[in-house]
$ cat query.cif   # mmCIF, C-alpha atoms
data_upload
loop_
_atom_site.label_atom_id
_atom_site.label_comp_id
_atom_site.auth_asym_id
_atom_site.auth_seq_id
_atom_site.Cartn_x
_atom_site.Cartn_y
_atom_site.Cartn_z
CA THR A 1 -11.97 -14.27 -12.54
CA MET A 2 -13.12 -10.65 -12.64
CA ALA A 3 -11.64 -10.15 -16.12
CA GLU A 4 -13.21 -13.39 -17.32
CA ALA A 5 -16.60 -12.44 -15.91
CA ARG A 6 -16.37 -9.03 -17.60
CA ARG A 7 -15.62 -10.62 -20.97
CA GLN A 8 -18.43 -13.19 -20.69
CA GLU A 9 -21.21 -11.05 -19.20
CA GLY A 10 -20.78 -12.22 -15.62
CA CYS A 11 -20.23 -15.91 -16.40
CA VAL A 12 -17.10 -17.82 -15.40
CA ARG A 13 -15.99 -21.38 -15.98
CA SER A 14 -17.42 -24.10 -13.74
CA GLU A 15 -13.95 -24.92 -12.38
CA TRP A 16 -13.98 -21.63 -10.50
CA GLN A 17 -16.96 -22.79 -8.44
CA VAL A 18 -14.77 -25.46 -6.84
CA VAL A 19 -12.17 -22.82 -6.01
CA PHE A 20 -14.79 -20.52 -4.51
CA ALA A 21 -16.09 -23.38 -2.37
CA GLN A 22 -12.60 -24.11 -1.01
CA PHE A 23 -11.72 -20.47 -0.43
CA ALA A 24 -14.84 -18.79 0.92
CA GLU A 25 -13.01 -15.52 1.53
CA LEU A 26 -12.75 -14.91 -2.23
CA GLY A 27 -16.41 -13.95 -2.33
CA THR A 28 -15.89 -11.46 0.50
CA TRP A 29 -12.86 -9.99 -1.21
CA ARG A 30 -14.66 -9.63 -4.55
CA ASP A 31 -17.60 -7.95 -2.85
CA LEU A 32 -15.27 -5.43 -1.22
CA LEU A 33 -13.61 -4.62 -4.55
CA GLU A 34 -16.95 -4.20 -6.30
CA ARG A 35 -18.22 -1.83 -3.59
CA LEU A 36 -15.01 0.17 -3.78
CA LYS A 37 -15.31 0.42 -7.56
CA GLU A 38 -18.89 1.60 -7.14
CA ARG A 39 -17.70 4.34 -4.81
CA VAL A 40 -15.16 5.48 -7.39
CA TRP A 41 -17.51 5.72 -10.36
CA THR A 42 -20.74 6.79 -8.66
CA LEU A 43 -21.15 10.53 -9.10
CA ASP A 44 -22.06 12.33 -5.88
CA GLY A 45 -23.48 15.44 -7.57
CA LYS A 46 -20.76 17.69 -6.14
CA THR A 47 -18.82 20.24 -8.12
CA PRO A 48 -15.62 18.72 -9.53
CA CYS A 49 -12.44 20.04 -7.97
CA THR A 50 -9.85 21.95 -9.93
CA TRP A 51 -6.23 21.47 -8.91
CA PRO A 52 -3.28 23.86 -9.11
CA GLU A 53 -0.89 23.13 -11.93
CA ARG A 54 1.77 20.52 -11.33
CA PRO A 55 5.44 21.56 -11.29
CA LYS A 56 7.10 21.30 -14.68
CA GLN A 57 10.11 19.11 -15.28
CA LYS A 58 13.35 20.99 -15.79
CA LYS A 59 14.62 20.72 -19.33
CA GLN A 60 18.11 19.37 -19.63
CA ALA A 61 20.53 20.96 -22.05
CA PRO A 62 21.25 18.70 -25.04
CA PRO A 63 24.74 17.19 -25.03
CA ALA A 64 27.36 18.89 -27.14
CA ARG A 65 27.72 17.30 -30.56
CA THR A 66 31.10 15.90 -31.50
CA MET A 67 30.24 15.23 -35.13
CA PRO A 68 28.53 17.11 -38.00
CA PRO A 69 24.72 17.05 -38.29
CA GLU A 70 23.14 14.03 -39.95
CA GLY A 71 22.72 14.47 -43.72
CA ASP A 72 25.03 17.51 -43.84
CA LYS A 73 27.68 17.91 -46.56
CA SER A 74 30.35 17.23 -43.96
CA ASP A 75 28.61 14.07 -42.75
CA PRO A 76 31.31 11.34 -42.76
CA ILE A 77 28.78 8.51 -43.29
CA CYS A 78 28.26 7.16 -46.80
CA TRP A 79 24.93 8.43 -48.15
CA ASN A 80 24.32 5.26 -50.12
CA PHE A 81 24.80 3.26 -46.95
CA VAL A 82 22.34 5.53 -45.11
CA THR A 83 19.56 5.40 -47.71
CA SER A 84 19.99 1.86 -49.06
CA ASN A 85 22.06 0.16 -46.38
CA TYR A 86 24.41 -0.84 -49.22
CA CYS A 87 27.28 0.70 -51.15
CA SER A 88 28.63 -0.81 -54.37
CA LYS A 89 32.13 0.49 -53.69
CA GLY A 90 32.46 -1.57 -50.54
CA ASP A 91 35.80 -1.10 -48.78
CA ARG A 92 36.98 1.21 -51.58
CA CYS A 93 34.47 3.88 -50.50
CA ARG A 94 36.05 6.93 -48.87
CA TYR A 95 33.13 7.30 -46.39
CA LEU A 96 32.17 5.31 -43.32
CA HIS A 97 29.89 2.27 -43.57
CA ARG A 98 28.95 2.16 -39.88
CA PHE A 99 26.97 4.39 -37.57
CA PRO A 100 28.91 5.88 -34.66
CA PRO A 101 27.24 6.16 -31.22
CA GLY A 102 24.55 8.84 -31.18
CA TYR A 103 24.11 8.94 -34.95
CA ASP A 104 20.45 9.24 -36.00
CA ALA A 105 20.17 7.21 -39.20
CA HIS A 106 16.44 7.95 -39.62
CA LYS A 107 17.10 11.69 -39.48
CA ALA A 108 19.92 11.42 -42.01
CA ASP A 109 17.74 9.34 -44.34
CA ALA A 110 14.94 11.92 -44.07
CA VAL A 111 17.31 14.80 -44.86
CA LEU A 112 18.82 13.04 -47.84
CA LYS A 113 15.39 12.17 -49.25
CA GLY A 114 14.13 15.73 -48.87
CA ARG A 115 11.75 15.23 -45.93
CA LYS A 116 11.53 17.88 -43.24
CA VAL A 117 12.70 17.12 -39.73
CA GLY A 118 12.55 19.21 -36.60
CA PRO A 119 9.80 21.18 -34.80
CA GLY A 120 7.97 21.95 -38.07
CA SER A 121 7.73 18.39 -39.33
CA SER A 122 4.34 16.73 -39.64
CA THR A 123 5.37 13.79 -37.47
CA ILE A 124 6.25 15.97 -34.49
CA ARG A 125 3.10 18.06 -35.01
CA ASP A 126 0.99 14.92 -34.99
CA ILE A 127 2.61 13.73 -31.79
CA GLU A 128 2.11 17.09 -30.10
CA ALA A 129 -1.53 17.19 -31.25
CA ALA A 130 -2.11 13.69 -29.91
CA ILE A 131 -0.65 14.69 -26.56
CA GLU A 132 -2.78 17.83 -26.35
CA ALA A 133 -5.89 15.89 -27.39
CA ARG A 134 -5.33 13.23 -24.73
CA ARG A 135 -8.57 11.59 -23.74
CA PRO A 136 -9.99 13.46 -20.73
CA ASP A 137 -10.49 11.59 -17.51
CA PRO A 138 -13.99 10.14 -17.09
CA PRO A 139 -16.11 11.71 -14.36
CA THR A 140 -15.71 10.18 -10.91
CA SER A 141 -16.77 10.99 -7.39
CA ARG A 142 -14.99 13.84 -5.63
CA TRP A 143 -13.36 11.35 -3.27
CA ALA A 144 -11.91 9.38 -6.18
CA SER A 145 -10.92 12.55 -8.05
CA TRP A 146 -8.76 13.67 -5.12
CA TRP A 147 -7.02 10.32 -4.86
CA ARG A 148 -6.52 10.01 -8.62
CA GLU A 149 -4.80 13.40 -8.72
CA LEU A 150 -2.56 12.27 -5.88
CA ILE A 151 -1.72 9.02 -7.67
CA ARG A 152 -1.04 10.68 -11.02
CA SER A 153 1.23 13.30 -9.44
CA MET A 154 3.37 10.77 -7.56
CA LEU A 155 3.82 7.88 -9.97
CA PRO A 156 6.09 8.24 -13.01
CA LEU A 157 4.98 7.89 -16.60
CA GLY A 158 5.10 4.36 -17.95
CA THR A 159 7.34 5.49 -20.80
CA ASP A 160 9.91 6.89 -18.36
CA ALA A 161 10.28 4.60 -15.35
CA ALA A 162 8.42 2.73 -12.61
CA SER A 163 8.31 3.10 -8.83
CA THR A 164 8.73 -0.05 -6.78
CA ILE A 165 6.68 -0.81 -3.68
CA GLN A 166 9.86 -0.28 -1.63
CA ASP A 167 9.77 3.42 -2.55
CA ALA A 168 8.98 5.43 0.60
CA ASP A 169 6.44 7.72 -1.07
CA VAL A 170 4.66 4.83 -2.79
CA ARG A 171 4.32 3.11 0.57
CA LYS A 172 2.91 6.31 2.08
CA LEU A 173 0.44 6.54 -0.78
CA ALA A 174 -0.69 2.92 -0.42
CA VAL A 175 -1.00 3.05 3.37
CA SER A 176 -2.90 6.37 3.34
CA LEU A 177 -5.31 5.11 0.69
CA TRP A 178 -5.87 1.88 2.59
CA ARG A 179 -6.55 3.71 5.88
CA ASP A 180 -9.11 5.89 4.10
CA VAL A 181 -10.76 2.84 2.53
CA ALA A 182 -10.71 0.93 5.83
CA ALA A 183 -12.31 3.87 7.67
CA TRP A 184 -15.09 3.97 5.08
CA VAL A 185 -15.63 0.20 5.22
CA SER A 186 -15.72 0.17 9.03
CA LYS A 187 -18.71 2.56 8.98
CA SER A 188 -20.71 0.48 6.49
CA ASP A 189 -22.32 -2.95 6.45
CA MET A 190 -19.02 -4.40 5.16
CA LYS A 191 -17.03 -3.94 8.36
CA ASP A 192 -16.73 -7.71 8.77
CA HIS A 193 -14.78 -7.76 5.48
CA LEU A 194 -11.84 -6.16 7.26
CA ARG A 195 -11.23 -9.35 9.21
CA LEU A 196 -9.37 -10.64 6.18
CA PHE A 197 -6.63 -8.09 6.81
CA THR A 198 -6.51 -7.41 10.55
CA ALA A 199 -3.49 -8.64 12.47
CA GLU A 200 -3.81 -11.17 15.25
CA PRO A 201 -2.26 -10.53 18.67
CA VAL A 202 1.22 -11.98 19.15
CA GLY A 203 1.90 -14.02 22.28
CA HIS A 204 -0.29 -14.57 25.31
CA PRO A 205 -1.84 -11.39 26.74
CA ASP A 206 -0.79 -12.34 30.29
CA GLY A 207 2.61 -13.79 29.34
CA PRO A 208 5.98 -12.09 29.12
CA THR A 209 6.80 -9.92 26.14
CA ASP A 210 9.70 -10.73 23.89
CA ALA A 211 11.35 -9.09 20.89
CA VAL A 212 8.77 -10.47 18.45
CA SER A 213 5.89 -9.18 20.58
CA ASN A 214 7.45 -5.74 20.78
CA ILE A 215 7.85 -5.51 17.01
CA PHE A 216 4.56 -6.99 15.81
CA GLY A 217 2.34 -6.70 18.85
CA GLY A 218 0.99 -3.28 17.90
CA ALA A 219 0.41 -4.01 14.22
CA GLU A 220 -3.12 -3.24 13.08
CA TRP A 221 -3.04 -4.89 9.67
CA ALA A 222 -1.48 -8.19 8.70
CA PHE A 223 -1.70 -7.38 4.99
CA VAL A 224 -2.46 -4.25 2.98
CA PRO A 225 -3.74 -4.92 -0.59
CA ALA A 226 -1.82 -2.00 -2.06
CA THR A 227 -1.77 -3.17 -5.67
CA ASP A 228 -5.49 -3.98 -5.78
CA ILE A 229 -6.75 -0.73 -4.28
CA LEU A 230 -4.43 1.37 -6.45
CA LEU A 231 -5.70 -0.41 -9.57
CA ILE A 232 -9.34 0.01 -8.51
CA VAL A 233 -9.16 3.68 -7.51
CA GLY A 234 -6.77 4.56 -10.34
CA GLU A 235 -8.50 2.50 -13.03
CA GLY A 236 -7.47 3.78 -16.43
CA ILE A 237 -4.39 5.66 -15.22
CA VAL A 238 -2.42 3.18 -13.06
CA GLY A 239 -0.36 0.30 -14.39
CA VAL A 240 1.59 -2.38 -12.54
CA THR A 241 4.35 -4.58 -13.92
CA ALA A 242 7.23 -6.54 -12.45
CA GLU A 243 9.22 -3.30 -12.41
CA GLY A 244 6.71 -1.44 -10.25
CA PHE A 245 3.91 1.14 -10.44
CA MET A 246 3.39 3.73 -13.15
CA ALA A 247 0.67 6.16 -14.20
CA ASP A 248 -0.72 7.73 -17.35
CA GLY A 249 -0.56 11.48 -17.64
CA PRO A 250 0.67 14.44 -19.67
CA PRO A 251 4.44 14.55 -20.25
CA GLY A 252 6.69 17.35 -19.06
CA TYR A 253 5.85 17.18 -15.34
CA ARG A 254 8.07 15.84 -12.60
CA CYS A 255 7.04 13.32 -9.97
CA GLU A 256 6.13 14.92 -6.65
CA THR A 257 6.57 13.53 -3.19
CA PHE A 258 3.59 12.69 -0.99
CA LEU A 259 4.06 15.86 1.06
CA GLU A 260 4.45 18.07 -2.01
CA VAL A 261 1.16 16.89 -3.49
CA ILE A 262 -0.68 17.41 -0.19
CA VAL A 263 0.70 20.94 0.07
CA ARG A 264 -0.34 21.69 -3.53
CA ILE A 265 -3.87 20.26 -3.61
CA GLY A 266 -4.63 20.29 0.13
CA ASN A 267 -6.48 17.68 2.11
CA MET A 268 -9.73 16.26 0.85
CA ASP A 269 -11.76 18.40 3.25
CA ASP A 270 -9.80 21.46 2.17
CA ALA A 271 -10.62 20.78 -1.47
CA ALA A 272 -14.33 20.48 -0.67
CA SER A 273 -14.34 23.64 1.41
CA THR A 274 -12.43 25.53 -1.30
CA THR A 275 -14.99 24.52 -3.92
CA GLN A 276 -17.84 25.52 -1.62
CA ALA A 277 -16.17 28.84 -0.89
CA GLU A 278 -15.80 29.52 -4.60
CA GLY A 279 -19.48 28.71 -5.09
CA HIS A 280 -20.53 31.02 -2.22
CA SER A 281 -18.35 33.85 -3.51
CA GLY A 282 -19.85 33.42 -6.97
CA SER A 283 -23.38 33.55 -5.57
CA ARG A 284 -22.49 36.69 -3.58
CA ARG A 285 -21.16 38.36 -6.71
CA ARG A 286 -24.32 37.46 -8.60
CA SER A 287 -26.56 38.76 -5.82
CA ARG A 288 -24.52 41.98 -5.61
CA SER A 289 -24.88 42.51 -9.35
CA ARG A 290 -28.65 41.93 -9.13
CA SER A 291 -28.96 44.49 -6.34
CA GLN A 292 -27.02 47.06 -8.37
CA ASN A 293 -29.31 46.45 -11.35
CA ARG A 294 -32.34 47.13 -9.17
CA VAL A 295 -30.92 50.50 -8.14
#
$ encode --input "query.cif" --output "structure tokens"
Amino acid sequence: TMAEARRQEGCVRSEWQVVFAQFAELGTWRDLLERLKERVWTLDGKTPCTWPERPKQKKQAPPARTMPPEGDKSDPICWNFVTSNYCSKGDRCRYLHRFPPGYDAHKADAVLKGRKVGPGSSTIRDIEAAIEARRPDPPTSRWASWWRELIRSMLPLGTDAASTIQDADVRKLAVSLWRDVAAWVSKSDMKDHLRLFTAEPVGHPDGPTDAVSNIFGGAEWAFVPATDILLIVGEGIVGVTAEGFMADGPPGYRCETFLEVIVRIGNMDDAASTTQAEGHSGSRRRSRSRSQNRV
């Protein structure tokens, strides 16, 4: 419904009104998501945080080649078969008419037709330029900026892999984000919205405790909307498919664990204090320079 309302300027089909009437909690849930989105994209006027560089991914050595380079004079593949996918000699040809495993037919075709391949080719330069000119992240609040850096550092690139919700670090990320959101909601006029997710007590308070009561009796939340809050806070960088969670970001960096990211960027309060300290040190340097100019 949110996507449909966005496409049609806030209007949805009349059939949804019947659904909203039957499930009154949908309005509460939509209000919570809209307020959370507002917190993400509302600038708080604070200085944006700068984060230490992420650890680079170790480059793996290319596997040893067992055959001559593509397009070389010693290439055993028929050149007519490479360029035209056809050879008039057929079975009488002395060269191979099939590509062995690992053979790059596009590279061989480019070499035979005189096009450059390798680091100096225009195609690779264009790809590298597109990566370097990646669209910068839109400005967000400092709270959202901290969480978005955490999300981007932990989730893999969509072109590489995906992390399932069973992954221990993804669960830590989702639970920590939800606790932060729940603490913020509990201090606002939306604290009643949390009733949708709180767990009910198991068993009678005066009755005997059993195995079920021991396991679930201390649970605070019956359900944590991990996918929804990750998509709202990480809008534009987080993707979710049947395979799991993934994030958009520059290539060449490895995925960090939850603890590694916290150690690198610090807690949210640490990031704020670091930025303030940098601002105070800069003001002290400016005042010191002004005093020296007076002398």
$ residues_around --input "query.cif" --residues "range 177-190 of chain A" --least-positions-apart "2" --cutoff "8 Å" --atoms "only C-alpha atoms" --output "PDB file with C-alpha atoms, in the coordinates of the input"
ATOM      1  CA  LEU A  32     -15.270  -5.430  -1.220  1.00  0.00           C
ATOM      2  CA  TRP A 147      -7.020  10.320  -4.860  1.00  0.00           C
ATOM      3  CA  LEU A 173       0.440   6.540  -0.780  1.00  0.00           C
ATOM      4  CA  ALA A 174      -0.690   2.920  -0.420  1.00  0.00           C
ATOM      5  CA  VAL A 175      -1.000   3.050   3.370  1.00  0.00           C
ATOM      6  CA  ASP A 192     -16.730  -7.710   8.770  1.00  0.00           C
ATOM      7  CA  HIS A 193     -14.780  -7.760   5.480  1.00  0.00           C
ATOM      8  CA  LEU A 194     -11.840  -6.160   7.260  1.00  0.00           C
ATOM      9  CA  VAL A 224      -2.460  -4.250   2.980  1.00  0.00           C
ATOM     10  CA  PRO A 225      -3.740  -4.920  -0.590  1.00  0.00           C
ATOM     11  CA  ALA A 226      -1.820  -2.000  -2.060  1.00  0.00           C
ATOM     12  CA  ILE A 229      -6.750  -0.730  -4.280  1.00  0.00           C
TER      13      ILE A 229
END
$ residues_around --input "query.cif" --residues "range 235-240 of chain A" --least-positions-apart "3" --cutoff "9 Å" --atoms "all atoms listed in the file" --output "NGL selection string"
:A and (37 or 137 or 148 or 151-152 or 155 or 158 or 162 or 227 or 230-232 or 243-249)
$ atom_distance --input "query.cif" --atom1 "CA of Val40 in chain A" --atom2 "CA of Ala24 in chain A"
25.7 Å
$ resolve_selection --input "query.cif" --expression "the PyMOL selection byres ((chain A and resi 76) around 7)" --output "list in words"
Ser74, Asp75, Ile77, Cys78, Tyr95 and Leu96 of chain A
$ residues_around --input "query.cif" --residues "Asp160 in chain A" --least-positions-apart "3" --cutoff "10 Å" --atoms "only C-alpha atoms" --output "PyMOL selection string"
chain A and resi 156-157+246+251
$ atom_distance --input "query.cif" --atom1 "CA of Val233 in chain A" --atom2 "CA of Gln57 in chain A"
25.9 Å
$ closest_residue --input "query.cif" --among "A:Cys87, A:Leu33, A:Cys93, A:Val82" --to "Asp109 in chain A" --atoms "all atoms listed in the file"
A:Val82
$ atom_distance --input "query.cif" --atom1 "CA of Thr83 in chain A" --atom2 "CA of Pro100 in chain A"
16.1 Å
$ residues_around --input "query.cif" --residues "Ala199 in chain A" --least-positions-apart "3" --cutoff "6 Å" --atoms "all atoms listed in the file" --output "list in words"
Glu220, Trp221 and Ala222 of chain A
$ resolve_selection --input "query.cif" --expression "the PyMOL selection byres ((chain A and resi 254) around 7)" --output "PyMOL selection string"
chain A and resi 55-57+252-253+255-256
$ write_last_selection --input "query.cif" --atoms "C-alpha atoms" --output "short mmCIF file (atom, residue, chain, number, x, y, z; two decimals), in the frame of the given file"
data_model
loop_
_atom_site.label_atom_id
_atom_site.label_comp_id
_atom_site.auth_asym_id
_atom_site.auth_seq_id
_atom_site.Cartn_x
_atom_site.Cartn_y
_atom_site.Cartn_z
CA PRO A 55 5.44 21.56 -11.29
CA LYS A 56 7.10 21.30 -14.68
CA GLN A 57 10.11 19.11 -15.28
CA GLY A 252 6.69 17.35 -19.06
CA TYR A 253 5.85 17.18 -15.34
CA CYS A 255 7.04 13.32 -9.97
CA GLU A 256 6.13 14.92 -6.65
#
$ resolve_selection --input "query.cif" --expression "the PyMOL selection byres ((chain A and resi 258-263) around 7)" --output "PyMOL selection string"
chain A and resi 150+153-154+169+173+256-257+264-267
